[in-house]
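Below is protein_12.tsv, which holds TSV, C-alpha atoms.
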```tsv
chain	number	residue	atom	x	y	z
A	1	MET	CA	0.00	0.00	0.00
A	2	ASN	CA	1.37	3.42	-0.91
A	3	ALA	CA	-1.09	5.63	1.00
A	4	GLU	CA	-0.10	7.40	4.19
A	5	TRP	CA	-0.41	5.12	7.16
A	6	ASP	CA	-2.66	6.18	10.02
A	7	ALA	CA	-1.65	4.05	12.98
A	8	LEU	CA	1.11	1.74	14.14
A	9	TRP	CA	1.24	-0.93	16.85
A	10	VAL	CA	4.78	-1.76	17.99
A	11	ASN	CA	6.48	-4.07	20.53
A	12	ALA	CA	3.99	-6.83	19.82
A	13	ARG	CA	4.20	-10.56	19.36
A	14	LEU	CA	2.08	-11.45	16.35
A	15	ALA	CA	0.15	-14.65	15.76
A	16	THR	CA	-0.59	-13.79	12.13
A	17	MET	CA	-2.26	-17.18	11.44
A	18	ALA	CA	-1.14	-16.73	7.83
A	19	PRO	CA	-0.91	-20.09	6.01
A	20	GLY	CA	2.56	-21.15	4.96
A	21	ALA	CA	4.27	-18.63	7.24
A	22	GLY	CA	6.84	-21.22	8.30
A	23	THR	CA	6.40	-20.73	12.05
A	24	PRO	CA	3.75	-22.03	14.47
A	25	TYR	CA	0.80	-19.63	14.54
A	26	GLY	CA	2.56	-17.66	11.80
A	27	ALA	CA	4.33	-16.01	14.71
A	28	ILE	CA	6.46	-12.90	14.43
A	29	GLU	CA	8.38	-12.01	17.59
A	30	ALA	CA	9.16	-8.32	18.17
A	31	GLY	CA	6.58	-7.43	15.55
A	32	ALA	CA	4.57	-4.44	14.42
A	33	ILE	CA	1.38	-3.72	12.47
A	34	ALA	CA	0.64	-0.59	10.45
A	35	VAL	CA	-2.89	0.44	9.49
A	36	ALA	CA	-4.14	2.70	6.69
A	37	GLY	CA	-7.82	3.53	6.96
A	38	GLU	CA	-9.63	0.30	7.88
A	39	ARG	CA	-7.00	-2.00	6.37
A	40	ILE	CA	-3.73	-3.52	7.48
A	41	ALA	CA	-1.00	-1.76	5.50
A	42	TRP	CA	2.06	-3.64	6.69
A	43	VAL	CA	3.02	-6.50	9.04
A	44	GLY	CA	6.56	-7.41	10.00
A	45	THR	CA	9.40	-7.20	12.51
A	46	MET	CA	10.31	-4.05	14.42
A	47	ASP	CA	13.76	-3.94	12.86
A	48	SER	CA	12.26	-3.84	9.35
A	49	LEU	CA	9.77	-1.01	9.90
A	50	PRO	CA	9.45	1.07	6.73
A	51	GLU	CA	9.69	4.83	6.93
A	52	ALA	CA	6.00	5.31	6.12
A	53	ALA	CA	5.09	3.36	9.26
A	54	ARG	CA	7.39	5.51	11.40
A	55	ARG	CA	5.48	8.62	10.25
A	56	ALA	CA	2.08	7.24	11.34
A	57	PRO	CA	0.35	9.88	13.49
A	58	ARG	CA	-0.95	7.33	15.99
A	59	ARG	CA	1.60	5.04	17.61
A	60	HIS	CA	0.59	2.37	20.12
A	61	ASP	CA	2.97	0.37	22.30
A	62	ALA	CA	1.62	-3.18	22.69
A	63	GLY	CA	4.00	-3.80	25.57
A	64	GLY	CA	4.78	-7.35	24.48
A	65	ALA	CA	1.14	-8.41	24.15
A	66	TRP	CA	0.24	-11.12	21.67
A	67	ILE	CA	-1.90	-9.90	18.78
A	68	THR	CA	-4.14	-12.28	16.83
A	69	PRO	CA	-6.67	-11.66	14.08
A	70	GLY	CA	-10.13	-10.74	15.33
A	71	LEU	CA	-12.05	-13.87	16.24
A	72	VAL	CA	-14.82	-15.13	13.97
A	73	ASP	CA	-17.85	-17.01	15.33
A	74	CYS	CA	-19.07	-18.62	12.12
A	75	HIS	CA	-22.19	-20.52	13.28
A	76	THR	CA	-24.70	-18.98	15.70
A	77	HIS	CA	-28.44	-18.73	16.23
A	78	LEU	CA	-28.43	-15.58	18.38
A	79	VAL	CA	-31.79	-14.17	17.23
A	80	TYR	CA	-34.62	-15.94	19.07
A	81	ALA	CA	-37.03	-15.56	21.98
A	82	GLY	CA	-37.84	-17.88	24.86
A	83	SER	CA	-35.90	-20.42	26.90
A	84	ARG	CA	-35.42	-24.17	26.75
A	85	ALA	CA	-34.13	-24.76	30.29
A	86	GLU	CA	-36.88	-27.29	30.98
A	87	GLU	CA	-35.66	-29.44	28.09
A	88	PHE	CA	-32.24	-29.47	29.71
A	89	GLU	CA	-33.86	-31.10	32.72
A	90	GLN	CA	-35.66	-33.61	30.49
A	91	ARG	CA	-32.43	-34.68	28.81
A	92	LEU	CA	-30.82	-35.19	32.19
A	93	GLU	CA	-33.74	-37.50	32.97
A	94	GLY	CA	-32.92	-39.56	29.89
A	95	VAL	CA	-35.10	-38.10	27.13
A	96	SER	CA	-33.16	-37.80	23.86
A	97	TYR	CA	-32.89	-34.64	21.74
A	98	GLU	CA	-34.71	-36.45	18.91
A	99	GLU	CA	-37.56	-37.55	21.22
A	100	ILE	CA	-38.04	-34.02	22.55
A	101	ALA	CA	-38.27	-32.79	18.97
A	102	ARG	CA	-40.79	-35.48	18.04
A	103	ARG	CA	-42.97	-34.46	21.00
A	104	GLY	CA	-43.25	-30.95	19.57
A	105	GLY	CA	-40.56	-29.45	21.78
A	106	GLY	CA	-37.07	-28.54	20.74
A	107	ILE	CA	-36.85	-26.07	17.89
A	108	LEU	CA	-40.64	-25.77	17.62
A	109	SER	CA	-40.96	-24.39	21.15
A	110	THR	CA	-38.49	-21.65	20.22
A	111	VAL	CA	-40.43	-21.04	17.01
A	112	GLU	CA	-43.59	-20.34	19.02
A	113	ALA	CA	-41.82	-17.82	21.26
A	114	THR	CA	-40.00	-16.17	18.38
A	115	ARG	CA	-43.15	-15.73	16.30
A	116	ALA	CA	-44.68	-13.86	19.25
A	117	ALA	CA	-41.72	-11.48	19.64
A	118	SER	CA	-41.32	-8.10	17.93
A	119	GLU	CA	-38.32	-7.15	15.84
A	120	ASP	CA	-37.25	-4.75	18.59
A	121	ASP	CA	-37.41	-7.55	21.15
A	122	LEU	CA	-35.45	-9.96	18.96
A	123	ALA	CA	-32.72	-7.42	18.24
A	124	ALA	CA	-32.38	-6.49	21.90
A	125	LEU	CA	-32.20	-10.14	23.00
A	126	ALA	CA	-29.59	-10.95	20.37
A	127	LEU	CA	-27.51	-7.95	21.34
A	128	SER	CA	-27.53	-9.02	24.98
A	129	ARG	CA	-26.27	-12.48	23.99
A	130	LEU	CA	-23.62	-10.97	21.76
A	131	HIS	CA	-21.94	-8.95	24.51
A	132	ALA	CA	-20.06	-11.93	25.96
A	133	LEU	CA	-18.67	-12.82	22.53
A	134	LEU	CA	-17.56	-9.22	21.92
A	135	ALA	CA	-15.72	-9.20	25.25
A	136	GLU	CA	-13.67	-12.19	24.07
A	137	GLY	CA	-12.44	-10.56	20.88
A	138	VAL	CA	-15.09	-11.60	18.35
A	139	THR	CA	-15.16	-9.10	15.49
A	140	THR	CA	-17.29	-11.08	13.00
A	141	VAL	CA	-20.30	-13.24	13.81
A	142	GLU	CA	-22.70	-15.24	11.67
A	143	ILE	CA	-26.36	-15.15	12.76
A	144	LYS	CA	-28.95	-17.54	11.32
A	145	SER	CA	-32.72	-17.29	11.09
A	146	GLY	CA	-34.68	-20.52	11.39
A	147	TYR	CA	-36.97	-19.89	14.37
A	148	GLY	CA	-39.75	-18.32	12.33
A	149	LEU	CA	-40.45	-20.83	9.56
A	150	ASP	CA	-42.98	-18.45	8.02
A	151	VAL	CA	-42.14	-15.54	5.76
A	152	GLU	CA	-42.95	-12.80	8.24
A	153	THR	CA	-40.92	-14.15	11.16
A	154	GLU	CA	-37.96	-15.35	9.10
A	155	LEU	CA	-37.61	-11.86	7.63
A	156	ARG	CA	-38.06	-10.35	11.10
A	157	GLN	CA	-35.19	-12.47	12.40
A	158	LEU	CA	-32.94	-11.48	9.53
A	159	ARG	CA	-33.80	-7.79	9.94
A	160	ALA	CA	-32.99	-8.10	13.65
A	161	ALA	CA	-29.63	-9.65	12.75
A	162	ARG	CA	-28.89	-6.75	10.40
A	163	ARG	CA	-29.81	-4.28	13.17
A	164	VAL	CA	-27.38	-5.98	15.53
A	165	GLY	CA	-24.65	-5.46	12.94
A	166	ARG	CA	-25.48	-1.76	12.73
A	167	SER	CA	-25.76	-1.31	16.50
A	168	ALA	CA	-22.80	-3.25	17.83
A	169	PRO	CA	-19.11	-3.00	16.93
A	170	VAL	CA	-19.12	-6.27	15.01
A	171	ASP	CA	-19.64	-7.45	11.43
A	172	VAL	CA	-22.73	-9.65	11.10
A	173	VAL	CA	-23.14	-12.25	8.36
A	174	ALA	CA	-26.84	-13.16	8.07
A	175	THR	CA	-27.85	-16.66	6.97
A	176	PHE	CA	-31.33	-17.81	5.95
A	177	LEU	CA	-32.20	-21.08	7.72
A	178	GLY	CA	-35.87	-21.50	6.84
A	179	ALA	CA	-35.16	-25.22	6.41
A	180	HIS	CA	-34.43	-25.71	10.09
A	181	VAL	CA	-37.39	-27.92	10.90
A	182	VAL	CA	-40.91	-28.41	9.53
A	183	PRO	CA	-43.35	-25.94	11.17
A	184	PRO	CA	-46.48	-27.28	12.89
A	185	GLU	CA	-48.80	-26.02	10.16
A	186	TYR	CA	-46.94	-28.25	7.67
A	187	ARG	CA	-46.63	-31.33	9.88
A	188	GLY	CA	-46.72	-34.43	7.68
A	189	ARG	CA	-46.31	-32.28	4.55
A	190	THR	CA	-42.59	-31.67	4.39
A	191	ASP	CA	-42.45	-31.52	0.59
A	192	ALA	CA	-45.17	-28.85	0.62
A	193	TYR	CA	-43.13	-26.83	3.09
A	194	VAL	CA	-40.08	-27.11	0.84
A	195	ASP	CA	-42.26	-25.85	-2.02
A	196	PHE	CA	-43.20	-22.87	0.17
A	197	LEU	CA	-39.56	-22.17	1.07
A	198	CYS	CA	-38.44	-22.24	-2.54
A	199	ALA	CA	-41.35	-20.24	-3.93
A	200	GLU	CA	-41.97	-17.67	-1.21
A	201	SER	CA	-39.78	-17.48	1.89
A	202	LEU	CA	-36.29	-17.71	0.42
A	203	PRO	CA	-37.02	-15.41	-2.56
A	204	ALA	CA	-38.48	-12.82	-0.16
A	205	ALA	CA	-35.30	-12.83	1.93
A	206	ALA	CA	-33.17	-12.50	-1.20
A	207	GLU	CA	-35.29	-9.69	-2.61
A	208	GLU	CA	-34.79	-7.60	0.54
A	209	GLY	CA	-31.06	-8.34	0.59
A	210	LEU	CA	-31.37	-9.85	4.05
A	211	ALA	CA	-29.44	-13.09	3.45
A	212	ASP	CA	-25.75	-13.52	2.78
A	213	ALA	CA	-26.07	-17.32	2.57
A	214	VAL	CA	-28.60	-20.17	2.83
A	215	ASP	CA	-28.43	-23.04	5.32
A	216	ALA	CA	-30.51	-26.17	5.93
A	217	PHE	CA	-30.72	-29.01	8.47
A	218	CYS	CA	-30.29	-32.29	6.63
A	219	GLU	CA	-31.23	-34.97	9.16
A	220	ARG	CA	-33.86	-37.62	9.91
A	221	ILE	CA	-35.82	-35.20	12.11
A	222	ALA	CA	-35.59	-32.38	9.55
A	223	PHE	CA	-35.00	-32.49	5.76
A	224	SER	CA	-33.89	-35.27	3.42
A	225	PRO	CA	-31.01	-34.89	0.98
A	226	ALA	CA	-33.49	-34.63	-1.91
A	227	GLN	CA	-35.42	-31.85	-0.17
A	228	THR	CA	-32.19	-30.09	0.75
A	229	GLU	CA	-31.06	-30.29	-2.87
A	230	ARG	CA	-34.17	-28.43	-3.99
A	231	ILE	CA	-33.46	-25.65	-1.49
A	232	PHE	CA	-29.84	-25.42	-2.63
A	233	GLU	CA	-30.91	-25.23	-6.27
A	234	THR	CA	-33.20	-22.32	-5.39
A	235	ALA	CA	-30.38	-20.61	-3.50
A	236	ALA	CA	-28.05	-21.04	-6.47
A	237	GLY	CA	-30.66	-19.50	-8.75
A	238	LEU	CA	-30.79	-16.48	-6.43
A	239	GLY	CA	-27.00	-16.17	-6.40
A	240	LEU	CA	-26.62	-17.13	-2.74
A	241	PRO	CA	-23.93	-19.48	-1.39
A	242	VAL	CA	-24.97	-22.41	0.79
A	243	LYS	CA	-24.02	-24.05	4.07
A	244	LEU	CA	-25.40	-27.18	5.73
A	245	HIS	CA	-26.10	-28.68	9.13
A	246	ALA	CA	-24.91	-32.18	8.22
A	247	GLU	CA	-24.29	-35.54	9.85
A	248	GLN	CA	-24.95	-34.42	13.42
A	249	LEU	CA	-27.14	-37.36	14.45
A	250	SER	CA	-26.75	-39.80	11.54
A	251	ASP	CA	-25.09	-40.12	8.14
A	252	GLN	CA	-27.55	-38.80	5.58
A	253	GLY	CA	-24.93	-37.99	2.95
A	254	GLY	CA	-25.50	-34.30	3.55
A	255	ALA	CA	-21.84	-33.33	3.53
A	256	ALA	CA	-21.34	-34.89	0.10
A	257	LEU	CA	-24.43	-33.03	-1.13
A	258	ALA	CA	-23.03	-29.80	0.29
A	259	ALA	CA	-19.76	-30.43	-1.50
A	260	ARG	CA	-21.58	-30.99	-4.78
A	261	PHE	CA	-22.97	-27.46	-4.43
A	262	ARG	CA	-19.52	-26.19	-3.39
A	263	ALA	CA	-20.95	-25.16	-0.04
A	264	LEU	CA	-18.99	-22.75	2.11
A	265	SER	CA	-19.22	-25.20	5.00
A	266	ALA	CA	-20.72	-28.37	6.36
A	267	ASP	CA	-21.31	-28.17	10.12
A	268	HIS	CA	-21.42	-30.70	13.00
A	269	LEU	CA	-20.17	-33.79	11.07
A	270	GLU	CA	-19.95	-36.33	13.88
A	271	TYR	CA	-21.26	-39.05	11.51
A	272	VAL	CA	-19.62	-37.94	8.26
A	273	SER	CA	-18.32	-40.71	5.99
A	274	ASP	CA	-14.89	-41.04	4.39
A	275	ALA	CA	-16.42	-40.46	0.95
A	276	SER	CA	-18.05	-37.24	2.12
A	277	VAL	CA	-14.79	-36.00	3.63
A	278	GLU	CA	-13.07	-36.57	0.29
A	279	ALA	CA	-15.89	-34.71	-1.48
A	280	MET	CA	-15.53	-31.77	0.93
A	281	ALA	CA	-11.80	-31.66	0.27
A	282	GLY	CA	-12.36	-31.53	-3.48
A	283	ALA	CA	-14.93	-28.74	-3.16
A	284	GLY	CA	-13.02	-26.63	-0.65
A	285	THR	CA	-15.89	-26.94	1.83
A	286	VAL	CA	-14.90	-26.07	5.41
A	287	ALA	CA	-15.70	-28.48	8.25
A	288	VAL	CA	-17.27	-26.46	11.07
A	289	LEU	CA	-17.09	-28.36	14.36
A	290	LEU	CA	-19.37	-27.41	17.24
A	291	PRO	CA	-17.99	-28.72	20.53
A	292	GLY	CA	-20.61	-26.88	22.59
A	293	ALA	CA	-23.41	-28.96	21.07
A	294	PHE	CA	-21.30	-32.12	21.42
A	295	TYR	CA	-20.86	-31.35	25.12
A	296	PHE	CA	-24.38	-30.15	25.88
A	297	LEU	CA	-26.09	-33.10	24.17
A	298	ARG	CA	-23.62	-35.51	25.82
A	299	GLU	CA	-22.64	-36.97	22.48
A	300	THR	CA	-19.98	-39.67	22.30
A	301	ARG	CA	-19.18	-39.88	18.60
A	302	VAL	CA	-16.31	-37.53	17.82
A	303	PRO	CA	-15.96	-35.81	14.41
A	304	PRO	CA	-13.17	-37.45	12.35
A	305	VAL	CA	-10.53	-34.76	12.83
A	306	GLU	CA	-7.72	-37.02	11.66
A	307	ARG	CA	-9.52	-37.66	8.36
A	308	PHE	CA	-10.06	-33.92	7.87
A	309	ARG	CA	-6.33	-33.41	8.41
A	310	ALA	CA	-5.38	-36.23	6.06
A	311	HIS	CA	-7.54	-34.84	3.25
A	312	GLY	CA	-6.66	-31.20	3.85
A	313	VAL	CA	-10.19	-30.12	4.83
A	314	PRO	CA	-10.00	-26.81	6.73
A	315	ILE	CA	-11.50	-27.07	10.22
A	316	ALA	CA	-13.39	-24.19	11.82
A	317	ILE	CA	-14.75	-23.97	15.37
A	318	SER	CA	-17.86	-22.13	16.52
A	319	THR	CA	-20.15	-21.72	19.51
A	320	ASP	CA	-23.35	-22.81	17.70
A	321	SER	CA	-24.93	-20.48	20.28
A	322	ASN	CA	-28.60	-21.48	20.41
A	323	PRO	CA	-31.28	-22.12	23.05
A	324	GLY	CA	-31.65	-25.88	22.71
A	325	SER	CA	-28.41	-27.69	22.05
A	326	SER	CA	-25.61	-25.18	22.70
A	327	PRO	CA	-26.53	-22.28	25.00
A	328	VAL	CA	-22.95	-21.06	24.81
A	329	GLY	CA	-21.64	-17.52	25.13
A	330	SER	CA	-17.89	-18.15	25.04
A	331	LEU	CA	-15.86	-18.80	21.90
A	332	LEU	CA	-12.70	-19.17	24.00
A	333	LEU	CA	-14.32	-22.07	25.83
A	334	MET	CA	-14.90	-23.72	22.45
A	335	LEU	CA	-11.13	-23.63	21.82
A	336	SER	CA	-10.57	-25.61	25.00
A	337	MET	CA	-13.36	-28.07	24.20
A	338	ALA	CA	-12.07	-28.58	20.65
A	339	CYS	CA	-8.71	-29.56	22.08
A	340	THR	CA	-9.99	-31.73	24.94
A	341	PHE	CA	-12.92	-33.45	23.19
A	342	PHE	CA	-11.71	-33.54	19.58
A	343	ARG	CA	-7.93	-33.72	20.18
A	344	MET	CA	-7.23	-30.67	18.05
A	345	THR	CA	-4.04	-28.76	18.74
A	346	PRO	CA	-4.23	-25.24	20.19
A	347	GLU	CA	-2.88	-23.89	16.90
A	348	GLU	CA	-5.57	-25.75	14.93
A	349	ALA	CA	-8.23	-24.45	17.31
A	350	LEU	CA	-7.06	-20.84	16.91
A	351	ALA	CA	-7.01	-21.25	13.13
A	352	GLY	CA	-10.54	-22.58	13.54
A	353	VAL	CA	-11.80	-19.26	14.92
A	354	THR	CA	-9.72	-17.04	12.62
A	355	ARG	CA	-8.74	-17.97	9.05
A	356	ASN	CA	-10.83	-21.14	8.70
A	357	ALA	CA	-13.90	-19.54	10.30
A	358	ALA	CA	-13.50	-16.65	7.85
A	359	ALA	CA	-13.42	-19.17	4.98
A	360	ALA	CA	-16.59	-20.82	6.33
A	361	LEU	CA	-18.31	-17.46	5.75
A	362	GLY	CA	-16.68	-16.79	2.39
A	363	ARG	CA	-14.76	-13.87	3.95
A	364	GLU	CA	-11.21	-15.24	3.86
A	365	ALA	CA	-10.07	-12.52	1.46
A	366	GLN	CA	-11.08	-9.81	3.95
A	367	ILE	CA	-10.49	-11.19	7.46
A	368	GLY	CA	-8.99	-14.09	9.39
A	369	THR	CA	-5.23	-13.40	9.21
A	370	LEU	CA	-2.86	-10.54	9.92
A	371	GLU	CA	-1.77	-9.72	6.38
A	372	ALA	CA	-1.48	-6.53	4.36
A	373	GLY	CA	-4.74	-5.72	2.60
A	374	LYS	CA	-6.96	-7.49	5.15
A	375	ARG	CA	-9.39	-5.55	7.31
A	376	ALA	CA	-7.62	-4.24	10.42
A	377	ASP	CA	-9.54	-6.43	12.88
A	378	PHE	CA	-7.23	-7.75	15.60
A	379	VAL	CA	-7.06	-8.45	19.33
A	380	LEU	CA	-4.39	-7.72	21.94
A	381	TRP	CA	-4.08	-10.48	24.55
A	382	ASP	CA	-2.29	-10.50	27.91
A	383	ILE	CA	-0.82	-13.98	27.50
A	384	ASP	CA	2.65	-15.53	27.31
A	385	HIS	CA	1.83	-17.92	24.46
A	386	PRO	CA	-1.10	-18.30	22.03
A	387	ALA	CA	-1.80	-21.81	23.38
A	388	GLU	CA	-3.11	-20.15	26.55
A	389	LEU	CA	-6.27	-19.19	24.68
A	390	ALA	CA	-7.19	-22.88	24.50
A	391	TYR	CA	-5.43	-24.02	27.68
A	392	ARG	CA	-7.11	-21.88	30.33
A	393	VAL	CA	-10.81	-22.24	31.15
A	394	GLY	CA	-12.96	-19.39	32.47
A	395	PHE	CA	-10.17	-16.99	31.54
A	396	ASN	CA	-10.49	-13.94	29.32
A	397	PRO	CA	-7.14	-12.21	28.76
A	398	CYS	CA	-8.49	-9.85	26.08
A	399	ARG	CA	-6.86	-6.46	26.61
A	400	GLU	CA	-8.16	-4.56	23.61
A	401	VAL	CA	-10.06	-5.16	20.37
A	402	ILE	CA	-9.22	-3.24	17.21
A	403	ARG	CA	-11.94	-3.21	14.55
A	404	GLY	CA	-11.35	-1.53	11.25
A	405	GLY	CA	-8.18	0.06	12.63
A	406	ARG	CA	-9.89	1.68	15.63
A	407	SER	CA	-10.18	0.60	19.24
A	408	ARG	CA	-13.59	-0.88	19.93
A	409	SER	CA	-15.53	0.06	23.06
A	410	GLY	CA	-19.06	-0.47	24.28
A	411	GLY	CA	-21.68	-2.90	23.10
A	412	GLY	CA	-23.97	-0.56	21.21
A	413	ASP	CA	-27.66	0.24	21.44
A	414	VAL	CA	-30.30	-1.35	19.26
A	415	ARG	CA	-31.59	1.02	16.60
```
Could you render the structure from this file as structure tokens?
Amino acid sequence: MNAEWDALWVNARLATMAPGAGTPYGAIEAGAIAVAGERIAWVGTMDSLPEAARRAPRRHDAGGAWITPGLVDCHTHLVYAGSRAEEFEQRLEGVSYEEIARRGGGILSTVEATRAASEDDLAALALSRLHALLAEGVTTVEIKSGYGLDVETELRQLRAARRVGRSAPVDVVATFLGAHVVPPEYRGRTDAYVDFLCAESLPAAAEEGLADAVDAFCERIAFSPAQTERIFETAAGLGLPVKLHAEQLSDQGGAALAARFRALSADHLEYVSDASVEAMAGAGTVAVLLPGAFYFLRETRVPPVERFRAHGVPIAISTDSNPGSSPVGSLLLMLSMACTFFRMTPEEALAGVTRNAAAALGREAQIGTLEAGKRADFVLWDIDHPAELAYRVGFNPCREVIRGGRSRSGGGDVR
């Protein structure tokens, strides 16, 4: 970049997370970052600072802090109303997640509460849930719909998600998840509901510009691969990329279907097959693992991390923050769980909430690493080593969050 540089951070240790950097975490000891406008202008060692960086009007001494890219929570359901605490008790008494859903609970109970809530209420509730993530260095968050299942409420959820992005110091990626579960008015008529999604609900979201991507839940208690394919074809016709809840409870071949549509990501994946992993690798589809849901549902089947590694499938990590299966408000906790439950390394886990999470949202060209040209979203941490972010539990060493080259403060007001 040749423009004048606006700000400089010096005396930092950088975990750039840049691929192929040649050092663990892409680390640069005694490093510095220069910013021009909202973009990173230069990254390197203190002893190689260019003259343009030295003239930056704002100079910040990091005091030896580690700096990472801003964290990316790439799979959340933050916009909803109601609580599912009673279902938590039922599961502890031995009732399965599938059985609760078949009884009309689960997602459908949240649908009822969400349909009754105003857009103002939904935005305010989502913002309150977001605060904990912001405090831990999250600078980009994906928010799904999927608790409306009718046109009016799905659009209301997506509008609320957009409002959160305008009100809080965070970038929001909004995903249409009308194919979350079959609503009660379509019980026993799943194909008719898919017709409705493809003809009315999804086109309405696209027409208003409310959706950045389209997701679906491909599972025995939700939508078949054939039904999911119809939704993906509609999304493709509207120019929207796709994602998929796949292979959480059984192997339905959803991940392979997602790969066929070159999906940004396939998420959950506890039951994914070898063939589907190979298909994901060929399509560049990111595997998004959700250790909070694995923990909360007391699952025992671990996603095949070693197979993802062997085939070069990027692995992202997310909270899956939602009321029924992952009421989680800490992305840092997910790093620890990914390491303890899934045997990922701390470096893999950090990549999973930076560069690979960015790729799962189709934003890898803008965010996810500390490289010149990327958006200047980064976090200063009071730690001695990046592994501490996964190692310590109940610990938030976030000193400061920089978003778009400026220090971020406050959580915002809904407007």
- Message: With only C-alpha atoms as the counted atoms, please give the residues lying no more than 10 Å from Glu142 (chain A), apart from itself and same-chain residues fewer than 5 positions off, as a list of chain:residue names.
- Response: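 After dropping sequence-adjacent residues, the list is A:Val72, A:Asp73, A:Cys74, A:His75, A:Thr76, A:His77, A:Leu78, A:Ala161, A:Asp171, A:Val172, A:Val173, A:Ala174, A:Thr175, A:Asp212, A:Ala213, A:Ser318, A:Asp320, A:Ala357, A:Ala360, A:Leu361.
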Could you write out that same residue set with C-alpha atoms as a PDB file, in the frame of the given file?
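Final file, result.pdb:
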```pdb
ATOM      1  CA  VAL A  72     -14.820 -15.130  13.970  1.00  0.00           C
ATOM      2  CA  ASP A  73     -17.850 -17.010  15.330  1.00  0.00           C
ATOM      3  CA  CYS A  74     -19.070 -18.620  12.120  1.00  0.00           C
ATOM      4  CA  HIS A  75     -22.190 -20.520  13.280  1.00  0.00           C
ATOM      5  CA  THR A  76     -24.700 -18.980  15.700  1.00  0.00           C
ATOM      6  CA  HIS A  77     -28.440 -18.730  16.230  1.00  0.00           C
ATOM      7  CA  LEU A  78     -28.430 -15.580  18.380  1.00  0.00           C
ATOM      8  CA  ALA A 161     -29.630  -9.650  12.750  1.00  0.00           C
ATOM      9  CA  ASP A 171     -19.640  -7.450  11.430  1.00  0.00           C
ATOM     10  CA  VAL A 172     -22.730  -9.650  11.100  1.00  0.00           C
ATOM     11  CA  VAL A 173     -23.140 -12.250   8.360  1.00  0.00           C
ATOM     12  CA  ALA A 174     -26.840 -13.160   8.070  1.00  0.00           C
ATOM     13  CA  THR A 175     -27.850 -16.660   6.970  1.00  0.00           C
ATOM     14  CA  ASP A 212     -25.750 -13.520   2.780  1.00  0.00           C
ATOM     15  CA  ALA A 213     -26.070 -17.320   2.570  1.00  0.00           C
ATOM     16  CA  SER A 318     -17.860 -22.130  16.520  1.00  0.00           C
ATOM     17  CA  ASP A 320     -23.350 -22.810  17.700  1.00  0.00           C
ATOM     18  CA  ALA A 357     -13.900 -19.540  10.300  1.00  0.00           C
ATOM     19  CA  ALA A 360     -16.590 -20.820   6.330  1.00  0.00           C
ATOM     20  CA  LEU A 361     -18.310 -17.460   5.750  1.00  0.00           C
TER      21      LEU A 361
END
```
- Write out as a PyMOL selection string each polymer residue whose atoms come within 10 Å of Ala132 (chain A), counting all atoms listed in the file; drop sequence neighbours fewer than 4 positions from it. chain A and resi 127-128+136-138+328-331+411
- Query: Which value, in Å to one decimal, gives the distance between CA of Trp9 (chain A) and CA of Gly70 (chain A)?
  - Reply: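 Between CA of Trp9 (chain A) and CA of Gly70 (chain A) the gap is 15.1 Å.
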Could you make a table, as JSON lines, of the residues of region 37-156 of chain A that have an atom within 7 Å of an atom of region 367-372 of chain A, each with its nearest atom pair and distance in Å to one decimal, counting all atoms listed in the file, in chain and number order?
```
{"residue": "A:Ile40", "atom": "CA", "partner": "A:Ala372", "partner_atom": "CA", "distance": 4.9}
{"residue": "A:Ala41", "atom": "CA", "partner": "A:Ala372", "partner_atom": "CA", "distance": 4.9}
{"residue": "A:Trp42", "atom": "CA", "partner": "A:Ala372", "partner_atom": "CA", "distance": 5.1}
{"residue": "A:Val43", "atom": "CA", "partner": "A:Glu371", "partner_atom": "CA", "distance": 6.4}
{"residue": "A:Pro69", "atom": "CA", "partner": "A:Thr369", "partner_atom": "CA", "distance": 5.4}
{"residue": "A:Gly70", "atom": "CA", "partner": "A:Gly368", "partner_atom": "CA", "distance": 6.9}
```
- Task: Show which residues sit within 10 Å of region 374-381 of chain A, as a PyMOL selection string. Count only C-alpha atoms, and ignore same-chain residues fewer than 3 positions away.
- Result: chain A and resi 12-14+16+33-42+62-71+136-140+170+364-371+384-386+388-389+396-408
- Message: Ranking A:His311, A:Arg162, A:Arg363, A:Arg58 by minimum distance to Gly209 (chain A) and counting all atoms listed in the file, which one comes first?
- Response: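 Looking at the shortest contact to Gly209 (chain A), the residue is A:Arg162.
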Name the residues within 6 Å of (-25.7, -32.7, 1.2), counting all atoms listed in the file in the file's coordinates, and put them as an mmCIF file with C-alpha atoms, keeping the file's coordinate frame.
```cif
data_model
loop_
_atom_site.group_PDB
_atom_site.id
_atom_site.type_symbol
_atom_site.label_atom_id
_atom_site.label_comp_id
_atom_site.auth_asym_id
_atom_site.auth_seq_id
_atom_site.Cartn_x
_atom_site.Cartn_y
_atom_site.Cartn_z
ATOM 1 C CA PRO A 225 -31.010 -34.890 0.980
ATOM 2 C CA GLY A 253 -24.930 -37.990 2.950
ATOM 3 C CA GLY A 254 -25.500 -34.300 3.550
ATOM 4 C CA ALA A 255 -21.840 -33.330 3.530
ATOM 5 C CA ALA A 256 -21.340 -34.890 0.100
ATOM 6 C CA LEU A 257 -24.430 -33.030 -1.130
ATOM 7 C CA ALA A 258 -23.030 -29.800 0.290
#
```
- Query: What does the distance from CA of Ile317 (chain A) to CA of Phe342 (chain A) come to in Å, to one decimal?
  - Reply: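 So the two atoms, CA of Ile317 (chain A) and CA of Phe342 (chain A), lie 10.9 Å apart.
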- Quick one: distance from CA of Ser109 (chain A) to CA of Gly146 (chain A) in Å, one decimal?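 Separating CA of Ser109 (chain A) from CA of Gly146 (chain A) is a distance of 12.2 Å.
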- Message: Residues within 10 Å of Glu247 (chain A), please, as a list in words. Count all atoms listed in the file; anything in the same chain fewer than 5 positions from it doesn't count.
- Response: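 Close residues of Glu247 (chain A): Phe217, Cys218, Glu219, Arg220, Gln252, Gly253, Gly254, Ala255, Ala266, Asp267, His268, Leu269, Glu270, Tyr271, Val272, Ser273 and Pro303 of chain A.
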